[in-house]
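Q: File entry.cif follows (mmCIF, C-alpha atoms, pLDDT in the B column; chains and numbers go by the auth columns):
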data_start
#
loop_
_atom_site.group_PDB
_atom_site.id
_atom_site.type_symbol
_atom_site.label_atom_id
_atom_site.label_comp_id
_atom_site.label_asym_id
_atom_site.label_seq_id
_atom_site.Cartn_x
_atom_site.Cartn_y
_atom_site.Cartn_z
_atom_site.B_iso_or_equiv
_atom_site.auth_seq_id
_atom_site.auth_asym_id
ATOM 1 C CA GLU A 1 -112.194 152.280 -159.692 60.00 1 A
ATOM 2 C CA ALA A 2 -111.712 154.821 -156.919 75.00 2 A
ATOM 3 C CA GLY A 3 -108.562 156.883 -157.114 90.00 3 A
ATOM 4 C CA VAL A 4 -106.210 158.007 -154.388 94.00 4 A
ATOM 5 C CA THR A 5 -108.167 159.981 -151.820 95.00 5 A
ATOM 6 C CA GLN A 6 -106.715 162.606 -149.533 96.00 6 A
ATOM 7 C CA PHE A 7 -108.321 164.648 -146.805 95.00 7 A
ATOM 8 C CA PRO A 8 -108.682 167.256 -145.759 96.00 8 A
ATOM 9 C CA SER A 9 -108.271 169.102 -149.043 94.00 9 A
ATOM 10 C CA HIS A 10 -107.301 172.242 -147.144 95.00 10 A
ATOM 11 C CA SER A 11 -106.064 172.841 -143.622 96.00 11 A
ATOM 12 C CA VAL A 12 -105.263 176.148 -141.990 97.00 12 A
ATOM 13 C CA ILE A 13 -103.572 175.952 -138.601 96.00 13 A
ATOM 14 C CA GLU A 14 -101.489 178.149 -136.348 96.00 14 A
ATOM 15 C CA LYS A 15 -97.830 177.642 -135.723 96.00 15 A
ATOM 16 C CA GLY A 16 -97.309 175.137 -132.948 96.00 16 A
ATOM 17 C CA GLN A 17 -100.509 173.199 -133.583 97.00 17 A
ATOM 18 C CA THR A 18 -100.756 169.621 -134.765 97.00 18 A
ATOM 19 C CA VAL A 19 -102.213 168.508 -138.075 97.00 19 A
ATOM 20 C CA THR A 20 -102.873 165.022 -139.386 98.00 20 A
ATOM 21 C CA LEU A 21 -103.262 164.349 -143.079 98.00 21 A
ATOM 22 C CA ARG A 22 -104.827 161.170 -144.367 97.00 22 A
ATOM 23 C CA CYS A 23 -104.377 159.237 -147.587 97.00 23 A
ATOM 24 C CA ASP A 24 -106.393 156.305 -148.888 96.00 24 A
ATOM 25 C CA PRO A 25 -104.515 154.622 -151.740 95.00 25 A
ATOM 26 C CA ILE A 26 -106.082 152.688 -154.566 93.00 26 A
ATOM 27 C CA SER A 27 -107.244 149.333 -153.270 91.00 27 A
ATOM 28 C CA GLY A 28 -104.627 146.651 -153.791 88.00 28 A
ATOM 29 C CA HIS A 29 -101.715 149.050 -154.184 90.00 29 A
ATOM 30 C CA ASP A 30 -98.853 147.970 -151.961 89.00 30 A
ATOM 31 C CA ASN A 31 -96.781 151.099 -152.533 91.00 31 A
ATOM 32 C CA LEU A 32 -97.753 154.390 -150.934 94.00 32 A
ATOM 33 C CA TYR A 33 -95.752 157.595 -151.201 95.00 33 A
ATOM 34 C CA TRP A 34 -95.897 161.024 -149.669 97.00 34 A
ATOM 35 C CA TYR A 35 -94.596 164.035 -151.581 97.00 35 A
ATOM 36 C CA ARG A 36 -94.907 167.739 -150.968 96.00 36 A
ATOM 37 C CA ARG A 37 -94.547 170.965 -152.863 94.00 37 A
ATOM 38 C CA VAL A 38 -93.635 174.106 -151.017 92.00 38 A
ATOM 39 C CA MET A 39 -94.283 177.485 -152.613 84.00 39 A
ATOM 40 C CA GLY A 40 -92.340 177.997 -155.829 80.00 40 A
ATOM 41 C CA LYS A 41 -90.369 174.793 -155.538 88.00 41 A
ATOM 42 C CA GLU A 42 -90.546 171.419 -157.208 91.00 42 A
ATOM 43 C CA ILE A 43 -92.432 168.462 -155.782 94.00 43 A
ATOM 44 C CA LYS A 44 -90.174 166.571 -153.408 95.00 44 A
ATOM 45 C CA PHE A 45 -90.258 163.049 -152.057 95.00 45 A
ATOM 46 C CA LEU A 46 -90.966 162.528 -148.361 96.00 46 A
ATOM 47 C CA LEU A 47 -91.298 158.795 -147.856 94.00 47 A
ATOM 48 C CA HIS A 48 -92.345 155.454 -149.288 93.00 48 A
ATOM 49 C CA PHE A 49 -94.301 152.588 -147.703 93.00 49 A
ATOM 50 C CA VAL A 50 -94.451 149.056 -148.993 90.00 50 A
ATOM 51 C CA LYS A 51 -97.556 147.718 -147.334 90.00 51 A
ATOM 52 C CA GLU A 52 -97.127 148.731 -143.695 92.00 52 A
ATOM 53 C CA SER A 53 -93.332 149.025 -143.747 92.00 53 A
ATOM 54 C CA LYS A 54 -91.361 152.215 -144.319 93.00 54 A
ATOM 55 C CA GLN A 55 -89.164 151.472 -147.300 90.00 55 A
ATOM 56 C CA ASP A 56 -87.525 154.873 -147.577 90.00 56 A
ATOM 57 C CA GLU A 57 -88.054 157.881 -145.341 93.00 57 A
ATOM 58 C CA SER A 58 -85.002 159.823 -146.432 92.00 58 A
ATOM 59 C CA GLY A 59 -87.087 162.779 -147.568 93.00 59 A
ATOM 60 C CA MET A 60 -88.739 163.476 -144.223 95.00 60 A
ATOM 61 C CA PRO A 61 -87.625 166.989 -143.212 92.00 61 A
ATOM 62 C CA ASN A 62 -87.239 166.386 -139.472 92.00 62 A
ATOM 63 C CA ASN A 63 -88.686 164.552 -136.503 93.00 63 A
ATOM 64 C CA ARG A 64 -91.744 166.792 -136.375 96.00 64 A
ATOM 65 C CA PHE A 65 -93.116 164.656 -139.202 97.00 65 A
ATOM 66 C CA LEU A 66 -94.487 161.198 -138.449 97.00 66 A
ATOM 67 C CA ALA A 67 -96.022 158.910 -141.044 97.00 67 A
ATOM 68 C CA GLU A 68 -97.857 155.685 -140.371 96.00 68 A
ATOM 69 C CA ARG A 69 -99.595 153.063 -142.421 96.00 69 A
ATOM 70 C CA THR A 70 -101.243 150.675 -140.021 85.00 70 A
ATOM 71 C CA GLY A 71 -102.419 147.449 -141.626 86.00 71 A
ATOM 72 C CA GLY A 72 -100.980 148.448 -144.951 83.00 72 A
ATOM 73 C CA THR A 73 -104.069 150.310 -146.042 91.00 73 A
ATOM 74 C CA TYR A 74 -104.522 154.036 -145.456 96.00 74 A
ATOM 75 C CA SER A 75 -101.714 156.267 -144.264 97.00 75 A
ATOM 76 C CA THR A 76 -101.511 159.310 -142.039 97.00 76 A
ATOM 77 C CA LEU A 77 -98.908 162.045 -141.949 98.00 77 A
ATOM 78 C CA LYS A 78 -98.774 164.016 -138.729 97.00 78 A
ATOM 79 C CA VAL A 79 -96.942 167.280 -138.302 97.00 79 A
ATOM 80 C CA GLN A 80 -96.344 168.194 -134.658 96.00 80 A
ATOM 81 C CA PRO A 81 -95.716 170.984 -133.902 96.00 81 A
ATOM 82 C CA ALA A 82 -96.284 172.706 -137.236 96.00 82 A
ATOM 83 C CA GLU A 83 -93.949 175.490 -138.340 96.00 83 A
ATOM 84 C CA LEU A 84 -94.423 178.209 -140.950 95.00 84 A
ATOM 85 C CA GLU A 85 -92.094 176.488 -143.420 95.00 85 A
ATOM 86 C CA ASP A 86 -94.308 173.394 -143.403 96.00 86 A
ATOM 87 C CA SER A 87 -96.869 175.212 -145.543 96.00 87 A
ATOM 88 C CA GLY A 88 -97.371 173.667 -148.945 95.00 88 A
ATOM 89 C CA VAL A 89 -99.290 170.999 -150.799 95.00 89 A
ATOM 90 C CA TYR A 90 -98.881 167.452 -149.547 97.00 90 A
ATOM 91 C CA PHE A 91 -99.498 164.782 -152.153 96.00 91 A
ATOM 92 C CA CYS A 92 -100.033 161.104 -151.657 96.00 92 A
ATOM 93 C CA ALA A 93 -99.486 158.584 -154.428 94.00 93 A
ATOM 94 C CA SER A 94 -99.805 154.842 -154.811 92.00 94 A
ATOM 95 C CA SER A 95 -98.700 152.143 -157.218 88.00 95 A
ATOM 96 C CA GLN A 96 -99.146 148.411 -157.524 84.00 96 A
ATOM 97 C CA GLY A 97 -95.516 147.431 -157.246 70.00 97 A
ATOM 98 C CA PRO A 98 -92.582 146.097 -159.266 61.00 98 A
ATOM 99 C CA GLY A 99 -93.075 143.924 -162.262 51.00 99 A
ATOM 100 C CA ARG A 100 -94.706 145.152 -165.445 47.00 100 A
ATOM 101 C CA ALA A 101 -94.066 148.742 -166.364 47.00 101 A
ATOM 102 C CA THR A 102 -97.751 149.559 -166.061 49.00 102 A
ATOM 103 C CA ASN A 103 -97.594 148.515 -162.431 54.00 103 A
ATOM 104 C CA GLU A 104 -95.050 151.232 -161.773 72.00 104 A
ATOM 105 C CA LYS A 105 -97.221 154.151 -162.791 78.00 105 A
ATOM 106 C CA LEU A 106 -97.932 156.414 -159.886 84.00 106 A
ATOM 107 C CA PHE A 107 -101.473 157.553 -159.191 89.00 107 A
ATOM 108 C CA PHE A 108 -101.654 160.786 -157.242 91.00 108 A
ATOM 109 C CA GLY A 109 -104.306 162.198 -154.979 93.00 109 A
ATOM 110 C CA SER A 110 -105.482 165.799 -155.250 92.00 110 A
ATOM 111 C CA GLY A 111 -103.310 166.849 -152.357 94.00 111 A
ATOM 112 C CA THR A 112 -103.826 168.627 -149.058 96.00 112 A
ATOM 113 C CA GLN A 113 -103.095 172.348 -149.070 95.00 113 A
ATOM 114 C CA LEU A 114 -101.577 173.076 -145.657 96.00 114 A
ATOM 115 C CA SER A 115 -101.263 176.659 -144.483 96.00 115 A
ATOM 116 C CA VAL A 116 -99.438 177.338 -141.226 96.00 116 A
ATOM 117 C CA LEU A 117 -100.020 180.861 -139.937 95.00 117 A
ATOM 118 C CA LYS B 1 -77.595 164.720 -156.986 87.00 1 B
ATOM 119 C CA GLN B 2 -80.177 164.478 -159.740 92.00 2 B
ATOM 120 C CA GLU B 3 -81.641 167.755 -161.008 94.00 3 B
ATOM 121 C CA VAL B 4 -84.546 167.989 -163.406 96.00 4 B
ATOM 122 C CA THR B 5 -85.158 171.148 -165.413 96.00 5 B
ATOM 123 C CA GLN B 6 -88.152 172.115 -167.499 96.00 6 B
ATOM 124 C CA ILE B 7 -87.937 175.072 -169.821 92.00 7 B
ATOM 125 C CA PRO B 8 -89.912 177.195 -170.469 91.00 8 B
ATOM 126 C CA ALA B 9 -91.779 177.665 -167.218 93.00 9 B
ATOM 127 C CA ALA B 10 -94.829 178.836 -169.162 96.00 10 B
ATOM 128 C CA LEU B 11 -95.956 178.505 -172.766 96.00 11 B
ATOM 129 C CA SER B 12 -98.962 179.839 -174.682 96.00 12 B
ATOM 130 C CA VAL B 13 -99.886 178.570 -178.136 96.00 13 B
ATOM 131 C CA PRO B 14 -102.947 178.923 -180.403 97.00 14 B
ATOM 132 C CA GLU B 15 -105.345 176.022 -180.594 97.00 15 B
ATOM 133 C CA GLY B 16 -104.521 173.475 -183.270 97.00 16 B
ATOM 134 C CA GLU B 17 -100.771 173.906 -183.187 97.00 17 B
ATOM 135 C CA ASN B 18 -98.349 171.113 -182.425 97.00 18 B
ATOM 136 C CA LEU B 19 -95.993 171.784 -179.543 96.00 19 B
ATOM 137 C CA VAL B 20 -93.038 170.318 -177.687 96.00 20 B
ATOM 138 C CA LEU B 21 -92.299 170.483 -173.977 97.00 21 B
ATOM 139 C CA ASN B 22 -88.761 169.877 -172.806 97.00 22 B
ATOM 140 C CA CYS B 23 -87.288 168.107 -169.811 97.00 23 B
ATOM 141 C CA SER B 24 -83.600 167.676 -169.025 97.00 24 B
ATOM 142 C CA PHE B 25 -81.907 165.778 -166.219 97.00 25 B
ATOM 143 C CA THR B 26 -78.327 165.871 -165.009 95.00 26 B
ATOM 144 C CA ASP B 27 -77.733 162.195 -164.140 92.00 27 B
ATOM 145 C CA SER B 28 -78.352 159.869 -167.071 91.00 28 B
ATOM 146 C CA ALA B 29 -78.461 156.792 -164.818 90.00 29 B
ATOM 147 C CA ILE B 30 -82.230 156.617 -164.596 92.00 30 B
ATOM 148 C CA TYR B 31 -84.677 153.708 -164.418 90.00 31 B
ATOM 149 C CA ASN B 32 -87.615 155.458 -166.006 92.00 32 B
ATOM 150 C CA LEU B 33 -89.124 158.837 -166.727 94.00 33 B
ATOM 151 C CA GLN B 34 -92.750 159.875 -166.353 94.00 34 B
ATOM 152 C CA TRP B 35 -94.701 162.792 -167.714 96.00 35 B
ATOM 153 C CA PHE B 36 -97.545 164.055 -165.563 95.00 36 B
ATOM 154 C CA ARG B 37 -100.287 166.565 -166.027 96.00 37 B
ATOM 155 C CA GLN B 38 -101.656 168.699 -163.214 93.00 38 B
ATOM 156 C CA ASP B 39 -104.846 170.718 -163.434 92.00 39 B
ATOM 157 C CA PRO B 40 -105.452 173.538 -160.931 85.00 40 B
ATOM 158 C CA GLY B 41 -106.552 172.162 -157.563 80.00 41 B
ATOM 159 C CA LYS B 42 -106.171 168.601 -158.762 84.00 42 B
ATOM 160 C CA GLY B 43 -103.625 165.862 -158.326 86.00 43 B
ATOM 161 C CA LEU B 44 -101.102 164.679 -160.850 90.00 44 B
ATOM 162 C CA THR B 45 -102.188 162.404 -163.684 91.00 45 B
ATOM 163 C CA SER B 46 -99.588 160.120 -165.204 91.00 46 B
ATOM 164 C CA LEU B 47 -99.578 160.574 -168.969 95.00 47 B
ATOM 165 C CA LEU B 48 -96.695 158.463 -170.186 94.00 48 B
ATOM 166 C CA LEU B 49 -93.998 156.338 -168.601 92.00 49 B
ATOM 167 C CA ILE B 50 -90.816 155.551 -170.539 93.00 50 B
ATOM 168 C CA GLN B 51 -88.448 152.865 -169.314 91.00 51 B
ATOM 169 C CA SER B 52 -84.726 153.598 -169.651 91.00 52 B
ATOM 170 C CA SER B 53 -84.455 151.004 -172.435 91.00 53 B
ATOM 171 C CA GLN B 54 -87.173 152.669 -174.491 93.00 54 B
ATOM 172 C CA ARG B 55 -86.902 155.587 -176.893 94.00 55 B
ATOM 173 C CA GLU B 56 -90.498 156.740 -176.943 95.00 56 B
ATOM 174 C CA GLN B 57 -94.060 156.115 -175.836 95.00 57 B
ATOM 175 C CA THR B 58 -97.271 157.236 -177.480 96.00 58 B
ATOM 176 C CA SER B 59 -100.786 157.754 -176.197 95.00 59 B
ATOM 177 C CA GLY B 60 -103.304 159.388 -178.496 96.00 60 B
ATOM 178 C CA ARG B 61 -102.057 162.855 -179.418 97.00 61 B
ATOM 179 C CA LEU B 62 -99.148 162.596 -176.992 97.00 62 B
ATOM 180 C CA ASN B 63 -95.700 161.293 -177.774 97.00 63 B
ATOM 181 C CA ALA B 64 -92.856 161.249 -175.288 97.00 64 B
ATOM 182 C CA SER B 65 -89.274 160.598 -176.292 97.00 65 B
ATOM 183 C CA LEU B 66 -86.257 159.783 -174.180 97.00 66 B
ATOM 184 C CA ASP B 67 -82.586 160.294 -174.964 96.00 67 B
ATOM 185 C CA LYS B 68 -80.990 158.971 -171.823 93.00 68 B
ATOM 186 C CA SER B 69 -77.394 159.550 -172.852 92.00 69 B
ATOM 187 C CA SER B 70 -77.982 163.253 -173.372 95.00 70 B
ATOM 188 C CA GLY B 71 -80.306 163.577 -170.378 95.00 71 B
ATOM 189 C CA ARG B 72 -83.314 164.797 -172.336 97.00 72 B
ATOM 190 C CA SER B 73 -86.950 163.999 -172.823 97.00 73 B
ATOM 191 C CA THR B 74 -89.603 165.730 -174.864 97.00 74 B
ATOM 192 C CA LEU B 75 -93.379 165.609 -174.751 97.00 75 B
ATOM 193 C CA TYR B 76 -94.961 166.268 -178.112 97.00 76 B
ATOM 194 C CA ILE B 77 -98.607 167.288 -178.209 97.00 77 B
ATOM 195 C CA ALA B 78 -100.272 167.184 -181.617 97.00 78 B
ATOM 196 C CA ALA B 79 -103.200 169.356 -182.648 97.00 79 B
ATOM 197 C CA SER B 80 -103.445 171.124 -179.326 97.00 80 B
ATOM 198 C CA GLN B 81 -106.853 171.777 -177.752 97.00 81 B
ATOM 199 C CA PRO B 82 -107.967 174.164 -174.990 96.00 82 B
ATOM 200 C CA GLY B 83 -108.460 171.124 -172.754 96.00 83 B
ATOM 201 C CA ASP B 84 -104.724 170.509 -172.933 97.00 84 B
ATOM 202 C CA SER B 85 -104.163 173.623 -170.815 97.00 85 B
ATOM 203 C CA ALA B 86 -102.488 172.448 -167.595 97.00 86 B
ATOM 204 C CA THR B 87 -99.103 172.207 -165.923 96.00 87 B
ATOM 205 C CA TYR B 88 -96.936 169.423 -167.289 97.00 88 B
ATOM 206 C CA LEU B 89 -94.295 167.843 -165.077 97.00 89 B
ATOM 207 C CA CYS B 90 -91.614 165.320 -165.785 97.00 90 B
ATOM 208 C CA ALA B 91 -90.089 163.100 -163.128 95.00 91 B
ATOM 209 C CA VAL B 92 -87.233 160.616 -163.171 95.00 92 B
ATOM 210 C CA ARG B 93 -86.757 157.508 -161.094 91.00 93 B
ATOM 211 C CA PRO B 94 -83.112 156.631 -160.296 87.00 94 B
ATOM 212 C CA ASN B 95 -83.004 152.835 -160.347 78.00 95 B
ATOM 213 C CA PHE B 96 -85.025 149.690 -159.745 70.00 96 B
ATOM 214 C CA GLY B 97 -84.412 149.594 -156.007 69.00 97 B
ATOM 215 C CA ASN B 98 -85.100 153.276 -155.457 72.00 98 B
ATOM 216 C CA GLU B 99 -88.586 154.543 -156.127 76.00 99 B
ATOM 217 C CA LYS B 100 -87.944 158.139 -155.142 86.00 100 B
ATOM 218 C CA LEU B 101 -88.961 160.384 -158.030 91.00 101 B
ATOM 219 C CA THR B 102 -87.193 163.651 -158.763 94.00 102 B
ATOM 220 C CA PHE B 103 -89.533 166.197 -160.310 95.00 103 B
ATOM 221 C CA GLY B 104 -89.003 169.220 -162.503 95.00 104 B
ATOM 222 C CA THR B 105 -90.800 172.451 -161.660 91.00 105 B
ATOM 223 C CA GLY B 106 -93.138 172.035 -164.614 95.00 106 B
ATOM 224 C CA THR B 107 -94.263 173.928 -167.693 97.00 107 B
ATOM 225 C CA ARG B 108 -97.582 175.758 -167.454 96.00 108 B
ATOM 226 C CA LEU B 109 -99.247 175.351 -170.846 97.00 109 B
ATOM 227 C CA THR B 110 -102.075 177.560 -172.076 97.00 110 B
ATOM 228 C CA ILE B 111 -103.871 176.776 -175.323 97.00 111 B
ATOM 229 C CA ILE B 112 -105.533 179.870 -176.751 96.00 112 B
ATOM 230 C CA PRO B 113 -108.907 179.177 -178.427 94.00 113 B
#
Just give me the structure of the file as structure tokens.
A:
Amino acid sequence: EAGVTQFPSHSVIEKGQTVTLRCDPISGHDNLYWYRRVMGKEIKFLLHFVKESKQDESGMPNNRFLAERTGGTYSTLKVQPAELEDSGVYFCASSQGPGRATNEKLFFGSGTQLSVL
Amino acid sequence: KQEVTQIPAALSVPEGENLVLNCSFTDSAIYNLQWFRQDPGKGLTSLLLIQSSQREQTSGRLNASLDKSSGRSTLYIAASQPGDSATYLCAVRPNFGNEKLTFGTGTRLTIIP
């Protein structure tokens, strides 16, 4: 079974540019999450999709961040325009959904290391 | 606001020893707690998930306990191996309707051959 796939694995951009991160969840997982870790801090929640709907986007830092999940499959996270403080590792995770405890385990991708110069 | 703390930030132990990693959280009203492992350059791997009604979960050489009332969880690793070297993170989920995890900053574990 393929895991959660994220690309690119690394992205280096200049301040003011636009970057789009992509996440392909495990097939059949309705829940998709974006998290990020900035230097020296803990991993923090950004938002949660259930299929194609945004269930919770309370962690999105500001309106420079836009996440989409068209068709309830893969998701993109766009940062426009990027700022220095956006640098960090962006993780995507997926899970099957509510029900049995095993369905609630989160499966994480390897992350995208974003560096804004 | 939930805060999750993991102490120590780093730990080195000789191969073969048993060890305990600690996680504490400030709000005991949690739905579940997960322990993750992260290898350098890799994503997070879920090791164990404990529901709020459970006291412990076991998988192979790993045992995680949960004392919700005191806001503590421990991850016990038996007979440590060099392959156990990684960063271990715990994360709590607040309630059934809220799937936003709050993470600790992790403990970086090194097993010395």
Q: Compute the chain A side of the contact with chain B at 6 Å, counting all atoms listed in the file, and hand it back as a list of chain:residue names.
A: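 Per the criterion, chain A yields A:Glu42, A:Ile43, A:Phe108, A:Gly109, A:Ser110.
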Q: Would you save the residues of that selection, restricted to C-alpha atoms, as a CSV table (one decimal), keeping the file's coordinate frame?
A:
chain,number,residue,atom,x,y,z
A,42,GLU,CA,-90.5,171.4,-157.2
A,43,ILE,CA,-92.4,168.5,-155.8
A,108,PHE,CA,-101.7,160.8,-157.2
A,109,GLY,CA,-104.3,162.2,-155.0
A,110,SER,CA,-105.5,165.8,-155.2
Q: For Phe25 (chain B), work out the shell of residues within 7 Å, counting only C-alpha atoms and skipping chain neighbours fewer than 3 positions away, then give it as a PyMOL selection string.
A: chain B and resi 2-5+28+71-72
Q: Quick one: 4 Å padding each side, axis-aligned, all listed atoms of region 42-51 of chain B - centre and edge lengths in Å to one decimal, as lines of an AutoDock Vina configuration file?
A:
center_x = -97.3
center_y = 160.7
center_z = -164.4
size_x = 25.7
size_y = 23.7
size_z = 20.2
Q: I'd like to know which of B:Ser80, B:Ser52, B:Asn63, B:Gln57 is closest to Gly16 (chain B), using all atoms listed in the file.
A: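 Nearest to Gly16 (chain B): B:Ser80.
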Q: What is the CA of Val20 (chain B) to CA of Leu75 (chain B) distance in Å?
A: 5.6 Å
Q: Could you pull the residues within 7 Å of region 3-19 of chain A, counting all atoms listed in the file, minus those fewer than 3 positions along the same chain, as a PyMOL selection string?
A: chain A and resi 22-26+78-84+93+107-117
Q: Can you pull out every residue within 6 Å of Thr87 (chain B), counting only C-alpha atoms, but drop anything in the same chain fewer than 2 positions away, and send it as a list in words?
A: Arg37, Gln38, Thr107, Arg108 and Leu109 of chain B
